[in-house]
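*Asks:* Sharing my_file-v1.cif, mmCIF, C-alpha atoms:
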data_target
loop_
_atom_site.group_PDB
_atom_site.id
_atom_site.type_symbol
_atom_site.label_atom_id
_atom_site.label_comp_id
_atom_site.auth_asym_id
_atom_site.auth_seq_id
_atom_site.Cartn_x
_atom_site.Cartn_y
_atom_site.Cartn_z
ATOM 1 C CA MET A 29 299.171 247.307 263.168
ATOM 2 C CA ILE A 30 302.876 246.689 263.549
ATOM 3 C CA CYS A 31 305.353 248.467 261.253
ATOM 4 C CA PRO A 32 307.579 245.915 259.528
ATOM 5 C CA SER A 33 310.522 248.344 259.700
ATOM 6 C CA CYS A 34 310.582 249.592 263.280
ATOM 7 C CA ASN A 35 308.268 247.002 264.825
ATOM 8 C CA GLN A 36 306.269 249.808 266.504
ATOM 9 C CA GLU A 37 302.559 250.116 266.695
ATOM 10 C CA THR A 38 301.199 252.555 264.134
ATOM 11 C CA GLU A 39 297.957 253.576 262.576
ATOM 12 C CA GLU A 40 296.791 252.015 259.373
ATOM 13 C CA GLY A 41 297.920 253.793 256.253
ATOM 14 C CA LYS A 42 300.596 253.713 253.639
ATOM 15 C CA PHE A 43 303.428 254.916 255.876
ATOM 16 C CA CYS A 44 304.469 254.287 259.453
ATOM 17 C CA THR A 45 303.762 257.191 261.829
ATOM 18 C CA LYS A 46 306.920 256.348 263.813
ATOM 19 C CA CYS A 47 309.633 255.765 261.161
ATOM 20 C CA GLY A 48 307.917 256.828 257.941
ATOM 21 C CA GLN A 49 308.639 253.556 256.092
ATOM 22 C CA PRO A 50 305.995 252.076 253.772
ATOM 23 C CA LEU A 51 303.630 249.679 255.463
ATOM 24 C CA GLN A 52 302.868 247.611 252.272
ATOM 25 C CA GLN A 53 306.260 245.779 252.210
ATOM 26 C CA GLU A 54 305.170 242.929 254.469
ATOM 27 C CA SER A 55 301.908 242.357 252.762
ATOM 28 C CA THR A 56 303.504 242.654 249.321
ATOM 29 C CA SER A 57 306.273 240.282 250.208
ATOM 30 C CA ASN A 58 303.786 237.925 251.803
ATOM 31 C CA GLN A 59 301.555 238.108 248.755
ATOM 32 C CA ALA A 60 304.539 237.543 246.489
ATOM 33 C CA ASP A 61 305.726 234.586 248.523
ATOM 34 C CA GLU A 62 302.344 232.966 248.742
ATOM 35 C CA PRO A 63 301.966 232.261 244.995
ATOM 36 C CA VAL A 64 305.501 230.922 244.825
ATOM 37 C CA GLU A 65 304.859 228.633 247.748
ATOM 38 C CA ALA A 66 301.508 227.685 246.249
ATOM 39 C CA VAL A 67 303.008 226.962 242.835
ATOM 40 C CA LYS A 68 305.881 225.046 244.406
ATOM 41 C CA SER A 69 303.566 222.976 246.525
ATOM 42 C CA THR A 70 301.118 222.448 243.661
ATOM 43 C CA ASN A 71 303.804 221.402 241.110
ATOM 44 C CA GLU A 72 306.089 219.592 243.522
ATOM 45 C CA PRO A 73 305.717 216.141 241.760
ATOM 46 C CA ALA A 74 306.433 217.760 238.373
ATOM 47 C CA TYR A 75 309.527 219.519 239.731
ATOM 48 C CA THR A 76 310.726 216.321 241.306
ATOM 49 C CA GLU A 77 310.238 214.383 238.059
ATOM 50 C CA GLN A 78 312.096 217.026 236.042
ATOM 51 C CA ILE A 79 314.971 216.996 238.482
ATOM 52 C CA ASN A 80 315.142 213.201 238.355
ATOM 53 C CA GLU A 81 315.110 213.203 234.550
ATOM 54 C CA SER A 82 317.940 215.743 234.340
ATOM 55 C CA VAL A 83 319.985 213.784 236.875
ATOM 56 C CA ASN A 84 319.398 210.550 234.998
ATOM 57 C CA ALA A 85 320.312 212.176 231.652
ATOM 58 C CA GLN A 86 323.534 213.540 233.116
ATOM 59 C CA PHE A 87 324.352 210.141 234.610
ATOM 60 C CA SER A 88 323.668 208.431 231.267
ATOM 61 C CA GLN A 89 325.989 210.837 229.448
ATOM 62 C CA GLU A 90 328.718 210.217 231.980
ATOM 63 C CA GLN A 91 328.248 206.473 231.600
ATOM 64 C CA ALA A 92 328.016 206.583 227.791
ATOM 65 C CA ALA A 93 331.498 207.971 227.249
ATOM 66 C CA PRO A 94 333.338 205.204 229.105
ATOM 67 C CA THR A 95 331.016 202.620 227.530
ATOM 68 C CA ALA A 96 331.868 203.808 224.021
ATOM 69 C CA GLU A 97 335.525 203.866 224.886
ATOM 70 C CA THR A 98 335.285 200.406 226.405
ATOM 71 C CA ALA A 99 333.434 199.133 223.336
ATOM 72 C CA GLY A 100 336.171 200.515 221.085
ATOM 73 C CA GLN A 101 338.829 198.815 223.174
ATOM 74 C CA THR A 102 336.858 195.553 223.127
ATOM 75 C CA ALA A 103 336.430 195.697 219.348
ATOM 76 C CA GLN A 104 340.124 196.411 218.985
ATOM 77 C CA GLN A 105 340.943 193.454 221.203
ATOM 78 C CA GLN A 106 338.557 191.171 219.288
ATOM 79 C CA GLN A 107 339.976 192.179 215.905
ATOM 80 C CA PRO A 108 342.443 189.476 214.880
ATOM 81 C CA ALA A 109 345.989 190.636 214.572
ATOM 82 C CA THR A 110 347.547 190.286 211.131
ATOM 83 C CA THR A 111 350.311 187.746 211.309
ATOM 84 C CA PRO A 112 352.790 186.962 208.556
ATOM 85 C CA TYR A 113 352.361 183.759 206.548
ATOM 86 C CA THR A 114 354.822 181.227 207.920
ATOM 87 C CA MET A 115 356.159 177.869 206.783
ATOM 88 C CA GLY A 116 353.922 176.263 209.395
ATOM 89 C CA ASP A 117 350.859 177.673 207.608
ATOM 90 C CA LEU A 118 352.171 176.312 204.312
ATOM 91 C CA GLY A 119 352.698 172.898 205.885
ATOM 92 C CA GLU A 120 349.161 172.951 207.271
ATOM 93 C CA ALA A 121 347.746 173.844 203.843
ATOM 94 C CA VAL A 122 349.728 171.024 202.209
ATOM 95 C CA LYS A 123 348.537 168.632 204.916
ATOM 96 C CA ASN A 124 344.888 169.560 204.354
ATOM 97 C CA ALA A 125 345.278 169.255 200.574
ATOM 98 C CA SER A 126 346.948 165.851 200.848
ATOM 99 C CA GLY A 127 344.262 164.623 203.240
ATOM 100 C CA GLY A 128 341.541 165.784 200.872
ATOM 101 C CA PHE A 129 343.250 164.113 197.927
ATOM 102 C CA GLY A 130 343.585 160.858 199.878
ATOM 103 C CA ARG A 131 339.828 160.747 200.515
ATOM 104 C CA PHE A 132 339.188 161.760 196.910
ATOM 105 C CA ALA A 133 341.423 158.966 195.545
ATOM 106 C CA LEU A 134 339.938 156.347 197.845
ATOM 107 C CA ASN A 135 336.367 157.260 196.911
ATOM 108 C CA GLN A 136 337.101 157.291 193.167
ATOM 109 C CA LEU A 137 338.906 153.953 193.236
ATOM 110 C CA LYS A 138 336.047 152.387 195.179
ATOM 111 C CA SER A 139 333.292 153.879 192.999
ATOM 112 C CA PRO A 140 334.665 155.466 189.780
ATOM 113 C CA GLY A 141 331.149 156.298 188.576
ATOM 114 C CA LYS A 142 330.736 158.814 191.414
ATOM 115 C CA ALA A 143 332.943 161.206 189.456
ATOM 116 C CA ARG A 144 329.768 162.380 187.725
ATOM 117 C CA SER A 145 328.660 164.108 190.939
ATOM 118 C CA LEU A 146 331.948 165.878 191.666
ATOM 119 C CA THR A 147 331.743 169.652 191.996
ATOM 120 C CA GLU A 148 334.166 172.543 192.005
ATOM 121 C CA GLN A 149 334.885 171.802 195.674
ATOM 122 C CA SER A 150 337.039 168.856 194.496
ATOM 123 C CA TRP A 151 338.898 170.669 191.727
ATOM 124 C CA VAL A 152 342.196 170.697 193.651
ATOM 125 C CA SER A 153 342.139 166.911 194.001
ATOM 126 C CA GLY A 154 341.244 166.590 190.318
ATOM 127 C CA ALA A 155 344.151 168.856 189.358
ATOM 128 C CA ILE A 156 346.529 166.844 191.560
ATOM 129 C CA THR A 157 345.399 163.661 189.785
ATOM 130 C CA ILE A 158 346.108 165.238 186.393
ATOM 131 C CA VAL A 159 349.583 166.410 187.447
ATOM 132 C CA LEU A 160 350.435 163.009 188.971
ATOM 133 C CA THR A 161 349.255 161.228 185.811
ATOM 134 C CA ALA A 162 351.432 163.446 183.618
ATOM 135 C CA LEU A 163 354.335 162.835 185.989
ATOM 136 C CA LEU A 164 353.775 159.051 185.892
ATOM 137 C CA TYR A 165 353.777 159.016 182.085
ATOM 138 C CA THR A 166 356.985 161.049 182.108
ATOM 139 C CA ILE A 167 358.748 158.785 184.607
ATOM 140 C CA ILE A 168 357.825 155.637 182.658
ATOM 141 C CA LEU A 169 358.958 157.254 179.415
ATOM 142 C CA TYR A 170 362.251 158.308 181.002
ATOM 143 C CA ILE A 171 362.874 154.803 182.411
ATOM 144 C CA THR A 172 362.081 153.229 179.034
ATOM 145 C CA LEU A 173 364.444 155.574 177.217
ATOM 146 C CA ASN A 174 367.236 154.777 179.668
ATOM 147 C CA GLU A 175 366.700 151.031 179.155
ATOM 148 C CA ILE A 176 366.733 151.042 175.359
ATOM 149 C CA SER A 177 369.357 153.716 174.820
ATOM 150 C CA SER A 178 373.056 152.987 174.871
ATOM 151 C CA SER A 179 373.773 156.350 176.502
ATOM 152 C CA SER A 180 371.866 158.311 179.084
ATOM 153 C CA PRO A 181 369.396 160.623 177.323
ATOM 154 C CA PRO A 182 369.419 164.352 178.175
ATOM 155 C CA PHE A 183 367.220 165.142 181.156
ATOM 156 C CA VAL A 184 365.579 168.177 179.593
ATOM 157 C CA GLU A 185 364.636 166.441 176.347
ATOM 158 C CA SER A 186 363.661 163.099 177.878
ATOM 159 C CA PHE A 187 361.950 164.254 181.081
ATOM 160 C CA LEU A 188 361.157 167.958 181.373
ATOM 161 C CA VAL A 189 359.879 168.530 177.841
ATOM 162 C CA PRO A 190 357.640 165.399 177.800
ATOM 163 C CA PHE A 191 356.220 166.318 181.210
ATOM 164 C CA LEU A 192 355.266 169.779 179.992
ATOM 165 C CA LYS A 193 353.718 168.300 176.833
ATOM 166 C CA PHE A 194 351.653 165.791 178.804
ATOM 167 C CA LEU A 195 350.514 168.535 181.182
ATOM 168 C CA LEU A 196 349.612 170.822 178.289
ATOM 169 C CA PHE A 197 347.573 168.019 176.695
ATOM 170 C CA PHE A 198 345.479 167.607 179.862
ATOM 171 C CA VAL A 199 344.937 171.360 180.158
ATOM 172 C CA ILE A 200 343.743 171.510 176.547
ATOM 173 C CA SER A 201 341.548 168.452 177.138
ATOM 174 C CA VAL A 202 339.806 170.032 180.140
ATOM 175 C CA ALA A 203 339.385 173.304 178.222
ATOM 176 C CA VAL A 204 337.878 171.490 175.205
ATOM 177 C CA ILE A 205 335.451 169.532 177.378
ATOM 178 C CA PHE A 206 334.439 172.670 179.285
ATOM 179 C CA GLY A 207 334.061 174.842 176.159
ATOM 180 C CA THR A 208 332.040 172.250 174.271
ATOM 181 C CA GLY A 209 329.834 171.663 177.291
ATOM 182 C CA LYS A 210 329.152 175.377 177.676
ATOM 183 C CA LEU A 211 328.183 175.728 174.032
ATOM 184 C CA MET A 212 325.786 172.790 174.392
ATOM 185 C CA GLY A 213 324.136 174.044 177.601
ATOM 186 C CA SER A 214 326.140 172.326 180.332
ATOM 187 C CA GLN A 215 326.017 173.876 183.808
ATOM 188 C CA ASP A 216 329.559 172.766 184.742
ATOM 189 C CA ASN A 217 332.230 175.414 185.138
ATOM 190 C CA PHE A 218 335.951 174.977 184.482
ATOM 191 C CA PHE A 219 336.696 173.856 188.049
ATOM 192 C CA SER A 220 333.972 171.234 188.212
ATOM 193 C CA THR A 221 335.112 169.953 184.798
ATOM 194 C CA THR A 222 338.634 169.644 186.207
ATOM 195 C CA ALA A 223 337.307 167.694 189.197
ATOM 196 C CA LYS A 224 335.318 165.289 187.011
ATOM 197 C CA THR A 225 338.189 164.788 184.562
ATOM 198 C CA GLY A 226 340.549 163.981 187.414
ATOM 199 C CA GLY A 227 337.980 161.676 189.016
ATOM 200 C CA TYR A 228 337.489 159.625 185.847
ATOM 201 C CA LEU A 229 341.226 159.679 185.077
ATOM 202 C CA LEU A 230 342.389 158.184 188.381
ATOM 203 C CA PRO A 231 341.314 154.534 187.766
ATOM 204 C CA TYR A 232 342.957 154.554 184.325
ATOM 205 C CA THR A 233 346.150 155.973 185.805
ATOM 206 C CA VAL A 234 346.271 153.121 188.329
ATOM 207 C CA LEU A 235 345.542 150.668 185.492
ATOM 208 C CA PHE A 236 348.396 152.119 183.443
ATOM 209 C CA LEU A 237 350.841 151.699 186.337
ATOM 210 C CA ALA A 238 349.649 148.146 187.084
ATOM 211 C CA VAL A 239 349.945 147.112 183.416
ATOM 212 C CA TYR A 240 353.450 148.555 183.195
ATOM 213 C CA LEU A 241 354.564 146.636 186.299
ATOM 214 C CA LEU A 242 353.014 143.388 185.015
ATOM 215 C CA ALA A 243 354.695 143.832 181.635
ATOM 216 C CA GLY A 244 357.985 144.359 183.423
ATOM 217 C CA ILE A 245 357.826 140.912 185.052
ATOM 218 C CA GLY A 246 357.328 139.080 181.767
ATOM 219 C CA LEU A 247 353.641 139.457 180.920
ATOM 220 C CA ASP A 248 354.265 141.058 177.539
ATOM 221 C CA PHE A 249 350.653 140.828 176.393
ATOM 222 C CA MET A 250 349.768 143.419 179.039
ATOM 223 C CA ILE A 251 351.325 146.013 176.737
ATOM 224 C CA TYR A 252 348.152 145.852 174.664
ATOM 225 C CA VAL A 253 346.073 146.631 177.737
ATOM 226 C CA MET A 254 348.215 149.712 178.212
ATOM 227 C CA PHE A 255 346.703 151.174 175.036
ATOM 228 C CA LEU A 256 343.352 151.265 176.819
ATOM 229 C CA ALA A 257 344.826 153.390 179.601
ATOM 230 C CA ILE A 258 346.533 155.625 177.041
ATOM 231 C CA LEU A 259 343.381 156.166 174.954
ATOM 232 C CA ALA A 260 341.229 156.872 178.020
ATOM 233 C CA PRO A 261 342.220 160.551 178.477
ATOM 234 C CA ILE A 262 341.952 161.117 174.712
ATOM 235 C CA LEU A 263 338.534 159.595 173.944
ATOM 236 C CA ILE A 264 336.908 157.802 176.877
ATOM 237 C CA ILE A 265 337.022 160.414 179.648
ATOM 238 C CA PRO A 266 335.625 163.284 177.493
ATOM 239 C CA THR A 267 332.714 160.990 176.645
ATOM 240 C CA TYR A 268 332.012 160.306 180.329
ATOM 241 C CA VAL A 269 332.070 163.975 181.301
ATOM 242 C CA LEU A 270 329.979 165.274 178.407
ATOM 243 C CA MET A 271 327.390 162.503 178.485
ATOM 244 C CA GLU A 272 326.717 163.233 182.155
ATOM 245 C CA SER A 273 326.775 167.039 182.026
ATOM 246 C CA LEU A 274 324.896 167.860 178.817
ATOM 247 C CA PRO A 275 321.095 168.247 178.935
ATOM 248 C CA ARG A 276 319.171 165.146 177.922
ATOM 249 C CA GLU A 277 317.275 166.838 175.098
ATOM 250 C CA ILE A 278 320.485 167.819 173.267
ATOM 251 C CA ASP A 279 321.896 165.475 170.643
ATOM 252 C CA LYS A 280 325.398 164.715 171.875
ATOM 253 C CA VAL A 281 326.744 163.055 168.712
ATOM 254 C CA TYR A 282 328.047 166.219 167.035
ATOM 255 C CA ALA A 283 329.449 167.539 170.299
ATOM 256 C CA LEU A 284 331.411 164.327 170.799
ATOM 257 C CA MET A 285 332.604 164.366 167.182
ATOM 258 C CA VAL A 286 334.080 167.846 167.650
ATOM 259 C CA VAL A 287 335.694 166.860 170.946
ATOM 260 C CA TYR A 288 337.140 163.656 169.454
ATOM 261 C CA LEU A 289 338.650 165.569 166.547
ATOM 262 C CA ILE A 290 340.368 168.120 168.782
ATOM 263 C CA GLN A 291 341.432 165.471 171.276
ATOM 264 C CA LEU A 292 342.981 163.271 168.577
ATOM 265 C CA ILE A 293 344.929 166.190 167.106
ATOM 266 C CA SER A 294 346.285 167.421 170.451
ATOM 267 C CA GLY A 295 346.707 163.854 171.689
ATOM 268 C CA TYR A 296 348.771 162.903 168.686
ATOM 269 C CA TYR A 297 351.196 165.827 168.871
ATOM 270 C CA LEU A 298 351.434 166.154 172.647
ATOM 271 C CA PHE A 299 350.729 162.624 173.895
ATOM 272 C CA LEU A 300 351.091 159.730 171.467
ATOM 273 C CA ARG A 301 353.894 161.274 169.453
ATOM 274 C CA THR A 302 355.809 162.060 172.619
ATOM 275 C CA PHE A 303 355.496 158.468 173.781
ATOM 276 C CA PHE A 304 356.101 156.390 170.698
ATOM 277 C CA VAL A 305 358.104 158.630 168.387
ATOM 278 C CA THR A 306 360.558 159.526 171.151
ATOM 279 C CA ILE A 307 361.052 155.859 171.996
ATOM 280 C CA PHE A 308 361.333 154.930 168.308
ATOM 281 C CA GLU A 309 363.905 157.643 167.592
ATOM 282 C CA SER A 310 365.905 156.553 170.613
ATOM 283 C CA MET A 311 365.846 152.932 169.430
ATOM 284 C CA MET A 312 366.882 153.920 165.924
ATOM 285 C CA GLY A 313 369.658 156.102 167.290
ATOM 286 C CA SER A 314 371.170 153.141 169.096
ATOM 287 C CA PHE A 315 371.982 151.460 165.773
ATOM 288 C CA PRO A 316 375.136 152.709 164.022
ATOM 289 C CA PHE A 317 373.658 152.708 160.500
ATOM 290 C CA PHE A 318 370.896 155.198 161.379
#
Translate this structure into structure tokens?
*Replies:*
Amino acid sequence: MICPSCNQETEEGKFCTKCGQPLQQESTSNQADEPVEAVKSTNEPAYTEQINESVNAQFSQEQAAPTAETAGQTAQQQQPATTPYTMGDLGEAVKNASGGFGRFALNQLKSPGKARSLTEQSWVSGAITIVLTALLYTIILYITLNEISSSSPPFVESFLVPFLKFLLFFVISVAVIFGTGKLMGSQDNFFSTTAKTGGYLLPYTVLFLAVYLLAGIGLDFMIYVMFLAILAPILIIPTYVLMESLPREIDKVYALMVVYLIQLISGYYLFLRTFFVTIFESMMGSFPFF
């Protein structure tokens, strides 16, 4: 056999007869290498799969970090920037509100009975109608006082105070209708009640203005028609709203009696008294013996 150390021919044994080195090194190393080679060759697909999985996992981790960062940047870019409220935004809101009120007014003048189906979505238009009606009453009262008075009446007493009284009357009226309806099982909330009140009020407001203009051109008998427009927000409109909103099985007579009582009291002190007593006092004040 050949010695693995000196490459000389030697007799078989544990040690080389030439150099004295062990003869088992080659065989041992060969035996040790053979299993490794065998295992490597046997499990080569498994090793390859494990290597591929580790490479893919490392690649995914490297790709995940930029992706998360990119996603954060994208979300930050998509998040709307907070901008201050400008006069342009206010003008746009006023434009939308006026456009909605225009459609609301047109629909109610064409079909006043549709006010029964108004919801809280139309409460802004209903509130605008109430404010405009109070303003119209105030303007007509102020013009009348200026015509019958020998001197110009104070602005605060003849315009601002009546306007606030008329507005307060309508607020109380809506609150009374809403509260009574709730006690009797109505499903309307305060905003939908405001929308319905304004919807029913609009035709009577236009009637009031038309009657006043006709009376101004000499048709004095139209003054009596004006009482219909004046009594509408006190008695007629609450009846419309409650009759449509209360359940059918509930007797509405007592509910309307309570509403009429409250409406007449508030209407007298805040509405009728403001109209007629103010005009009467102004007329009496124009005579020297009063």
*Asks:* Can you work out which one of A:Ile262, A:Leu235, A:Leu274, A:Thr45 has the shortest atom-to-atom distance to Phe206 of chain A, counting all atoms listed in the file?
*Replies:*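 Checking each of A:Ile262, A:Leu235, A:Leu274, A:Thr45 against Phe206 of chain A, counting all atoms listed in the file, the winner is A:Leu274.
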*Asks:* Quick one: of A:Pro275, A:Pro190, A:Pro261, A:Gly48, who's nearest to Leu292 of chain A, counting all atoms listed in the file?
*Replies:*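 Of A:Pro275, A:Pro190, A:Pro261, A:Gly48, the one nearest Leu292 of chain A, counting all atoms listed in the file, is A:Pro261.
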*Asks:* Name every residue that the PyMOL selection byres ((chain A and resi 211) around 12) selects in this structure, writing the answer as a ChimeraX atom specification with chains first and numbers rising.
*Replies:* /A:204-210,212-217,270,273-275,278,280,282-283,286
*Asks:* Using all atoms listed in the file for the distances, tell me which of A:Cys47, A:Ile158, A:Phe194, A:Leu146 is nearest to Pro231 of chain A.
*Replies:* A:Ile158
*Asks:* Given the file above and the PyMOL selection byres ((chain A and resi 29) around 7), which residues are selected, and can you give them as a list of chain:residue names?
*Replies:*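 Residues picked by the PyMOL selection byres ((chain A and resi 29) around 7): A:Ile30, A:Cys31, A:Glu37, A:Thr38, A:Glu39, A:Glu40.
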*Asks:* Enter the distance from atom CA of Leu163 of chain A to atom CA of Val189 of chain A, in Å, rounded to one decimal.
*Replies:*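 Distance reported for this atom pair: 11.4 Å.
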*Asks:* Find the spatial neighbours of segment 136-145 of chain A, counting all atoms listed in the file, within a cut-off of 9 Å - ignore same-chain residues fewer than 5 positions away - and output them as number ranges by chain.
*Replies:* A: 131, 223-228, 230-231, 234, 268-269, 272-273
